[in-house]
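> Questions regarding the structure given below will be posed in turn.
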Amino acid sequence: MPPFVLVDGSYFLFRAYHALPPLTTSTGLHTNAIRGAISAIQKLMRRIQPTHMAVIFDTPEPTFRHTLSPIYKGDRPSMPDELAEQIPYLHQLIEALGIPLHKLPGAEADDIIGTLARRAEKLGHQVLISTGDKDMAQLVSDKITLEDSFKDKPLDRDGVFEKFGVWPNQIIDYLTLMGDSSDGIMGVPGVGAKTAAKLLNQYQDLSGILAHVDDIKGKVGQSLKDNQDNIKIDHQLASIVCDLDLTFSYDDLKLTDPNTSELRHLYTELEFRNQLQSLDHPNNPHNSIYKHAASSLQSTAPQTDPTTSESSSVLDQATQSSSDDQLGQAQYHTVLTEQDWQQFYAKLKQAKRFAIDTETTSIDYRIAEMVGFSVAFDAQDAYYIALAHDYEGAPQQLNRERILAEIKDIIEDPQVEKIGHHLKYDAHIFANHGIHLRGWYFDTMLASYVLNASATRHGMDDVARLYLSHLTTSFEQIAGKGVKQKTFNQIEIAVAAHYAAEDAHVTYRLYEVLAAKLAETPPLTEIFHQIEMPVASVLTQMEENGIQLDVTFLDQLSVEFAQTIQNCEQQIIDLAEQPFNVSSPKQVGEILFDKLGLKGGKKTSTGQYSTSESILEKLEHPIAALILEYRGLSKLKSTYTDGLQKQANADTHRVHTSYHQALTATGRLSSTDPNLQNIPIRQDIGRQIRRAFVAPEGRVLLAADYSQIELRLMAHFSQDEALLDAFHHGQDVHRRTAAEVLNISLDQVTADQRRQAKAVNFGLLYGMSEFGLIRQLGFSREESQNYIKKYFNRYPGIYEYMQRTRQLALEQGYVQTILGRRLYTPDIDARNVMVRKAAERAAINAPLQGSAAEIIKLAMISVQKHLPAEQAKLLLQVHDELVLEADREIAPRLAQQITEIMENVIEISVPLVVEVGQGQNWDEAH
């Protein structure tokens, strides 16, 4: 009969944390203590194979010992955050493994262990206590053994005497005499371990020592006499309580079957790949009540038979995936031979729907070439078609050009529905080989984004983890990291095939799960199929189109910027009265706050002054404004006048930005390489940069911009009568606001008053704080508050909208756009006031921004459908603006058509107004 096992969970936790190097998941969660503690517990269980067991933890609440002594455990450092965040996961994992876990506020783990050990001893059971705490030696008896499972060293009665020089029943007195600084047990001054053991061997126990204290000579005897009150307290502190009133019995501590579903969820979140894989192993150790802790340590890489040729039959080369219960036991097939291809191609021609994923030489679609592609027709099988692996010793593969030519009609068939994860990228890859993807049906990245933009990042690894509790094989696992990372064509086919087939397989399973989730909320299904999927196709074409640059003008502008930057730098140095590196924040801080003695300097944790924009804006010295100008110009030069030319195609001089459709919380698009949405268009210097974007000869650029769309949406959502009236009568809404608030006529409003009204209108839209509004208005705090109060008196509908939206966000955890997209507000009930207020402001703005994003997307879809082929094309989407390129002769007529289309894509409570400009460059057209 195996012993009853009691584990000191708190000891295991700390021991593992300090023994293992820092380990984190891809989301930044620390896991070293969890890994180490669970591994040690599982190792113990495999060795002992107990039927009854408990893992016991301390709790943060004080115990009676803290009342006895204010210094009890007072020298222990506070728990690091990196450890504290792991405790809930460790507890959940232990319970999911079917192991009883107990903790009791007001009692230490030692006391619970002591009580359970003595109870089991009385019932006649052998007990094994696993701990590294020497205090526990007092519990050792003929039936109770101690061991440190990290050292595999048992301690019975003789072992206790051998280690400490005293017997278990003398340990409490031993600790009382020698003290324990880590627990705040003072001990008797001058008495160490050897002296304590010697005294106890001579006088048996503490009572005997104190009874013969006059016989003990020297400093030790005097210390014993002087510290008798402390000795009584220390004795209580050192004594483990063995009679706690616990509400569970020995029979309640029987191991139970593990909760496989919960383990899958936890292993996925913690990224314990080997343990997750072990759940699906045919001899799953988790299925055994006695061996359930034995986790698989096998590699997640596919196992291949070295005696089998890579080019053998597809049906013979099926590789079983490391999938979960939901994913099922799918078969992964590698297509290498002509026979393999014909079998696969026959299935492909018959398919009405399939998941597809491309494997390439680069993540940059503009230069990437296809290495192979994978397909899944269902959740049972996935295929990888290897085409261009060229590592040394690679087997012969199918001819890429021939295979792509054969599948061209299928990929371009709009009736065959394609499923993918980030289909836009795959569409670009096919386009690089002369194939135009049609039949865009379901993008699992976009489905995840529509369901909840903020629940996770939307890469396949993250989405599979969240919705399938499945850890995918990461690219770094098969390709390595950093400068030594291989490109996909350099990866052995046996490894590459598993990775690629898994991508298609997981994509198909995500489609099944996410389609069902979308169907639960019809508005989200509508947004996904009628907006996001069509927009993905439109964006692909826009990225392919690119926009032409005037490189000569950019060169000239770069020279002008360089001269302006140099002049600005010289002015800064003149004001500083000494040369320094203006690009160095450290040196700038020293000049501003040490040399010039300006007020407002704040040092960061690194010990140097902060010179952020917000700090510089507050400084009342001309040097601060010049430094801001210097930084702005330098950034514009590096990002645009220099950077754009590097990113443009060398032959066409067209620059092709990349649009990100599943990134922002509100549904807005963002762009990178280059980012064309952050050009400061309100400044003359930004308008100069826009002049570098031009139309080719015989064509013009058209810029179609929604006028004040978010204010119009505020009128729609708030139904404020004054705001509705202003838009219905085509009034200048900022002038109308100033007139309303100041109670004057429209023609009396000055330019400065209009500016102040505009600041409030847009400040409310963009979630500006009260402090931000005060800065924008340029008033005193009292004047600003009075202005805002008058504003809400004149626009009560806006105030009601703000209050209503805050309450809705708090009650349901999200707000909604005009079409029903849910924008989640996870911090709306945060304890931190600053965080909560920021979440409230974001919640007020989100329906406006999100609805504006939906309207511009609807406009993109409609405009693209009506563009005359070859004569016009959509190039850019920036904020509320679309930029097109068109033949000069059709531009006026096309501008009218675009205006009509965009103003009628949706009906709201006020008219949508679109302004369309035309010019040879973007600035002229805007």
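A note on labels: chains of the structure tokens are A, B, ... as shown, every chain counts residues from 1, and ligands are counted from 1 in their shown order.
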With the cut-off set at 8 Å and counting only C-alpha atoms, tabulate each residue of stretch 584-703 of chain A with an atom at most that distance from an atom of stretch 877-880 of chain A, showing the nearest atom pair and its distance in Å to one decimal, ordered by chain and increasing number, as a Markdown table.


```
| residue | atom | partner | partner_atom | distance |
| --- | --- | --- | --- | --- |
| A:Arg668 | CA | A:His879 | CA | 7.9 |
| A:Leu676 | CA | A:Val878 | CA | 7.1 |
| A:Gln677 | CA | A:Val878 | CA | 5.4 |
```

> Would you list the contacts of A:Asp829 as a ChimeraX atom specification, taking every protein, DNA or RNA residue within 12 Å and counting only C-alpha atoms, but skipping same-chain residues closer than 2 positions in sequence?

/A:806-814,825-827,831-840,843

> Identify, on the basis of only C-alpha atoms, every residue whose closest approach to stretch 452-459 of chain A does not exceed 8 Å; exclude the query and any residue fewer than 5 positions from it along the same chain; express the result as a list in words.

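With the cut-off at 8 Å, the set is Met445, Leu446, Leu466, Ala662, Leu663, Thr664, Ala665, Thr666, Arg822, Leu823 and Tyr824 of chain A.
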
> List as a PyMOL selection string the protein and nucleic acid residues near A:Leu723, meaning an atom at most 10 Å away when only C-alpha atoms are counted, but skip any in the same chain fewer than 3 places from it.

chain A and resi 711-712+714-716+718-720+726-728+731+733+736-737+794-795+797-798+910

> Next, write the just-selected residues to a file, as a short mmCIF file (atom, residue, chain, number, x, y, z; two decimals), in the first residue's frame, keeping N, CA and C atoms as the atom set.


```cif
data_model
loop_
_atom_site.label_atom_id
_atom_site.label_comp_id
_atom_site.auth_asym_id
_atom_site.auth_seq_id
_atom_site.Cartn_x
_atom_site.Cartn_y
_atom_site.Cartn_z
N LEU A 711 -18.66 63.83 -36.32
CA LEU A 711 -19.63 64.76 -35.74
C LEU A 711 -21.04 64.43 -36.24
N ARG A 712 -21.15 64.06 -37.50
CA ARG A 712 -22.45 63.68 -38.04
C ARG A 712 -22.96 62.41 -37.36
N MET A 714 -22.17 61.60 -34.31
CA MET A 714 -22.58 62.03 -32.98
C MET A 714 -24.01 62.55 -33.02
N ALA A 715 -24.35 63.30 -34.06
CA ALA A 715 -25.73 63.78 -34.21
C ALA A 715 -26.69 62.60 -34.33
N HIS A 716 -26.28 61.58 -35.08
CA HIS A 716 -27.13 60.41 -35.28
C HIS A 716 -27.31 59.62 -33.97
N SER A 718 -26.70 60.63 -30.80
CA SER A 718 -27.22 61.42 -29.67
C SER A 718 -28.63 61.94 -29.93
N GLN A 719 -28.98 62.11 -31.22
CA GLN A 719 -30.28 62.70 -31.60
C GLN A 719 -30.48 64.07 -30.94
N ASP A 720 -29.36 64.76 -30.73
CA ASP A 720 -29.45 66.11 -30.16
C ASP A 720 -30.08 67.05 -31.20
N ALA A 726 -28.30 71.78 -37.20
CA ALA A 726 -27.15 72.41 -37.84
C ALA A 726 -26.75 71.66 -39.11
N PHE A 727 -26.73 70.33 -39.03
CA PHE A 727 -26.35 69.56 -40.21
C PHE A 727 -27.44 69.56 -41.29
N HIS A 728 -28.70 69.54 -40.87
CA HIS A 728 -29.78 69.55 -41.86
C HIS A 728 -29.83 70.86 -42.64
N GLN A 731 -25.17 74.14 -41.95
CA GLN A 731 -24.43 75.19 -41.25
C GLN A 731 -23.02 74.72 -40.87
N VAL A 733 -20.86 73.74 -38.37
CA VAL A 733 -21.27 73.22 -37.06
C VAL A 733 -20.45 73.81 -35.92
N ARG A 736 -21.83 77.23 -35.35
CA ARG A 736 -23.13 77.06 -34.70
C ARG A 736 -22.94 76.72 -33.22
N THR A 737 -21.97 75.89 -32.93
CA THR A 737 -21.69 75.53 -31.53
C THR A 737 -21.29 76.77 -30.73
N ARG A 794 -26.69 73.45 -23.90
CA ARG A 794 -27.20 73.70 -25.24
C ARG A 794 -27.30 72.43 -26.07
N TYR A 795 -26.50 71.42 -25.70
CA TYR A 795 -26.52 70.14 -26.42
C TYR A 795 -26.78 69.00 -25.43
N GLY A 797 -28.54 66.38 -25.67
CA GLY A 797 -28.53 65.05 -26.28
C GLY A 797 -27.15 64.43 -26.27
N ILE A 798 -26.11 65.27 -26.45
CA ILE A 798 -24.74 64.76 -26.42
C ILE A 798 -24.39 64.28 -25.02
N VAL A 910 -28.60 62.44 -40.43
CA VAL A 910 -28.20 63.69 -41.08
C VAL A 910 -27.54 63.33 -42.41
#
```

> As a PyMOL selection string, list the residues of stretch 400-600 of chain A assigned to helix (DSSP H, G or I) by DSSP on the backbone atoms of this structure.

chain A and resi 400-411+423-432+444-451+460-468+475-479+482-484+488-490+493-519+522-545+551-576+585-595

> Looking at A:Met136, A:Ile429, A:Leu514, A:Leu237, which one is nearest to A:Leu177, with distances taken over only C-alpha atoms?

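So, comparing all the options, the nearest one is A:Leu237.
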
> Atom CA of A:Ala872 to atom CA of A:Leu557: how many Å, to one decimal?

28.8 Å

> Which residue gives the smallest distance to A:Glu543 among A:Val371, A:Leu875, A:Leu575, A:Leu764, with only C-alpha atoms counted?

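Looking only at the distances to A:Glu543, the closest residue turns out to be A:Leu875.
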
> Of the candidates A:His265, A:His235, A:His125, A:His529, which shows the shortest atom-to-atom distance to A:Leu468, using only C-alpha atoms?

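Among the listed residues, A:His265 lies closest to A:Leu468.
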
> Would you mind reading off the distance between atom CA of A:Trp440 and atom CA of A:Glu417, one decimal, in Å?

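Distance reported for this atom pair: 6.2 Å.
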
> Using only C-alpha atoms, which residues sit within 12 Å of stretch 592-601 of chain A once same-chain residues fewer than 5 positions away are excluded, as an MDAnalysis selection string?

chainID A and resid 572:573 575:578 580 582 585:587 607:612 614:624 627

> Please provide the set of residues having any atom within 9 Å of A:Ser261, restricted to only C-alpha atoms, with same-chain residues fewer than 3 positions apart removed, written as a PyMOL selection string.

chain A and resi 96+258+264-266+325

> For each of A:Met802, A:Ala738, A:Leu724, A:Ile403, take the minimum atom-to-atom distance to A:Trp341, counting only C-alpha atoms, then give the residue where this is smallest.

A:Ile403

> Identify, on the basis of only C-alpha atoms, every residue whose closest approach to A:Tyr640 does not exceed 10 Å; exclude the query and any residue fewer than 3 positions from it along the same chain; express the result as number ranges by chain.

A: 554, 557-558, 634-637, 643-647, 674-676, 679, 686, 689-690, 692

> Between A:Val905, A:Ala376, A:Val5, A:Val463, which residue has the minimum interatomic distance to A:Tyr332, considering only C-alpha atoms?

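Nearest candidate to A:Tyr332 out of A:Val905, A:Ala376, A:Val5, A:Val463: A:Ala376.
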
> May I ask which of the residues A:Pro189, A:His422, A:Leu713, A:Phe792 is the closest one to A:Tyr659, counting only C-alpha atoms?

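Looking only at the distances to A:Tyr659, the closest residue turns out to be A:His422.
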